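Peer 1: Got a structure for you, questions after.
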Amino acid sequence: MSTTLVQELIEAGIHFGQRSSNWNPRMGPYIYGKRSGIHIIDIKETVKGLLLAKRFVAKTVAGGKDICFVGTKRQAKGVIEQHVSDAGMHYVTERWLGGTLTNFSTIRSRLKRLEELESIAETDNFQSYSKKMESQLRREMRKIKRNLDGIRHMKKLPGALVIIDVNREMTAIKEARKMGIPVVCLIDTDGNPEYADIAIPGNDDSMRSIDVIIRELCKAVAEGKQQRTGGDEAGQNGGAESGGEQRPRRSRRAQFRADDASDAGAGESGDAARAAAGAPAEG
């Protein structure tokens, strides 16, 4: 990871955590120190988590699965809609509906209903209905579109979720864990990293820090898509030689953290980041 990106993370304020009185002790390993009552997140851990998340996202997309980004807080909404739409992935920014993963067939039926209503609007603009019925149908169409428009092209369960703010999106995380779907989380010092399969410790209240993380993960999505389209034949041959080695599910946290050793560069980037940031002494 380039020093330029590390500097960008620091300028975005991703290392600023919550007040020290409002922290989760499980985030202790990711905290570098404390300054003016604010916890400072260790940039080395942020870089390490981001590297691991990018590699996992690229690998998941290359394997033919999609990623669903979830961030319903105000700071994340615009960022996710912009970058994730350009990347061609799915997102939820308005409200996570209970059962989006665990009752996916019902969600798909509502999306089919949305297509029906849009078809009616295009053909006769509801002219064949009474004014009262037209009002009801238009309201129904707006409601479905507002809540589900970001996942309207998601024909099957995603290969992973990217979560902004663990505490806010707990329903989505619990559904993903129940369905065996891995979760990548941007998690602040008041969150619980045990809910994340891959944790990216960082400020989840800053629009700039969210923008950097989402942008980098969308770059990983683009890399995975290139591998998906460019390596189909190689992937088939490799699958035949390995005897279906890629088939087992990858829902356990240990499987995502086992490859940490190969990210030796993250340590060097972390040292460079501390020097660039002028990291405060523990206090």
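Going through the structure tokens in order, the chains are called A, B, and so on, while each chain numbers its residues from 1 and the ligands are numbered from 1 in the order shown.
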Tell me which protein, DNA and RNA residues are within 10 Å of A:Met141, counting only C-alpha atoms, leaving out same-chain ones fewer than 4 positions away, and put them as a PyMOL selection string.

Peer 2: chain A and resi 110-111+113-118+121+135-137+145-146

Peer 1: With only C-alpha atoms counted and 9 Å as the cut-off, give the residues of stretch 186-234 of chain A in contact with stretch 57-80 of chain A, each with its shortest interatomic distance in Å and the pair that gives it, as JSON lines.

Peer 2:
```
{"residue": "A:Asp204", "atom": "CA", "partner": "A:Ala76", "partner_atom": "CA", "distance": 8.5}
{"residue": "A:Asp205", "atom": "CA", "partner": "A:Gln75", "partner_atom": "CA", "distance": 6.6}
{"residue": "A:Ser206", "atom": "CA", "partner": "A:Gln75", "partner_atom": "CA", "distance": 6.7}
{"residue": "A:Met207", "atom": "CA", "partner": "A:Gln75", "partner_atom": "CA", "distance": 5.0}
{"residue": "A:Arg208", "atom": "CA", "partner": "A:Gln75", "partner_atom": "CA", "distance": 8.8}
{"residue": "A:Ile210", "atom": "CA", "partner": "A:Ala76", "partner_atom": "CA", "distance": 6.5}
{"residue": "A:Asp211", "atom": "CA", "partner": "A:Val79", "partner_atom": "CA", "distance": 5.8}
{"residue": "A:Ile214", "atom": "CA", "partner": "A:Ile80", "partner_atom": "CA", "distance": 6.9}
{"residue": "A:Arg215", "atom": "CA", "partner": "A:Val79", "partner_atom": "CA", "distance": 8.6}
{"residue": "A:Leu217", "atom": "CA", "partner": "A:Val57", "partner_atom": "CA", "distance": 7.1}
{"residue": "A:Cys218", "atom": "CA", "partner": "A:Val57", "partner_atom": "CA", "distance": 8.8}
{"residue": "A:Lys219", "atom": "CA", "partner": "A:Ala58", "partner_atom": "CA", "distance": 8.5}
{"residue": "A:Ala220", "atom": "CA", "partner": "A:Ala58", "partner_atom": "CA", "distance": 4.9}
{"residue": "A:Val221", "atom": "CA", "partner": "A:Ala58", "partner_atom": "CA", "distance": 5.3}
{"residue": "A:Ala222", "atom": "CA", "partner": "A:Ala58", "partner_atom": "CA", "distance": 7.6}
{"residue": "A:Glu223", "atom": "CA", "partner": "A:Ala58", "partner_atom": "CA", "distance": 6.0}
{"residue": "A:Gly224", "atom": "CA", "partner": "A:Ala58", "partner_atom": "CA", "distance": 4.1}
{"residue": "A:Lys225", "atom": "CA", "partner": "A:Ala62", "partner_atom": "CA", "distance": 5.7}
{"residue": "A:Gln226", "atom": "CA", "partner": "A:Ala62", "partner_atom": "CA", "distance": 7.5}
{"residue": "A:Gln227", "atom": "CA", "partner": "A:Ala62", "partner_atom": "CA", "distance": 5.4}
{"residue": "A:Arg228", "atom": "CA", "partner": "A:Ala62", "partner_atom": "CA", "distance": 4.4}
{"residue": "A:Thr229", "atom": "CA", "partner": "A:Ala62", "partner_atom": "CA", "distance": 8.2}
{"residue": "A:Gly231", "atom": "CA", "partner": "A:Ala62", "partner_atom": "CA", "distance": 8.7}
```

Peer 1: Mind pulling up the distance from atom CA of A:Lys54 to atom CA of A:Arg26?

Peer 2: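 Computing it gives 23.5 Å between the two atoms.
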
Peer 1: Just asking: which residues within stretch 43-204 of chain A are strand (DSSP E or B) according to DSSP, as JSON, numbers by chain?

Peer 2: {"A": [67, 68, 69, 70, 90, 91, 92, 160, 161, 162, 163, 164, 183, 184, 185, 186, 187, 198, 199, 200, 201]}

Peer 1: Enumerate the residues of stretch 36-277 of chain A with a DSSP assignment of helix (DSSP H, G or I), computed from the backbone, and present them as a PyMOL selection string.

Peer 2: chain A and resi 43-62+74-87+104-123+131-151+170-179+193-195+207-230+232-242+253-257+260-262+264-277

Peer 1: Within 10 Å of A:Ser21, counting only C-alpha atoms, which residues show up once you throw out same-chain ones fewer than 5 positions away? Write them as a list of chain:residue names, please.

Peer 2: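 In the requested format, the answer is A:Gly37, A:Ile38, A:His39, A:Asp190.
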
Peer 1: Just the number, please: distance in Å from atom CA of A:Asp42 to atom CA of A:Gly159, one decimal.

Peer 2: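 Going from atom CA of A:Asp42 over to atom CA of A:Gly159 covers 28.8 Å.
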
Peer 1: Compile a residue-level contact table for stretch 28-108 of chain A against stretch 4-15 of chain A at a cut-off of 8 Å, reporting for every qualifying residue the shortest atom pair and its distance in Å to one decimal, with only C-alpha atoms counted, rows ordered by chain and ascending number, as a tab-separated table.

Peer 2:
```
residue	atom	partner	partner_atom	distance
A:Ile40	CA	A:His15	CA	5.6
A:Ile41	CA	A:His15	CA	4.6
A:Asp42	CA	A:His15	CA	6.7
A:Ile43	CA	A:His15	CA	6.2
A:Val47	CA	A:Val6	CA	7.5
```

Peer 1: Measuring between only C-alpha atoms, which one of A:Arg142, A:Asp188, A:Ala172, A:Gly49 shows the shortest distance to A:Thr93?

Peer 2: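 Result for the nearest residue to A:Thr93: A:Ala172.
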
Peer 1: If I take atom CA of A:Val162 and atom CA of A:Gly28, how far is one from the other in Å, to one decimal?

Peer 2: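 Computed distance, atom CA of A:Val162 to atom CA of A:Gly28, equals 22.3 Å.
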
Peer 1: A:Gly33, A:Leu51, A:Arg138, A:Thr3: which is nearest A:Ile198, counting only C-alpha atoms?

Peer 2: A:Leu51

Peer 1: Of the residues A:Ala176, A:Met170, A:Ala199, A:Met133, which is the one nearest to A:Phe104, using only C-alpha atoms?

Peer 2: A:Ala176
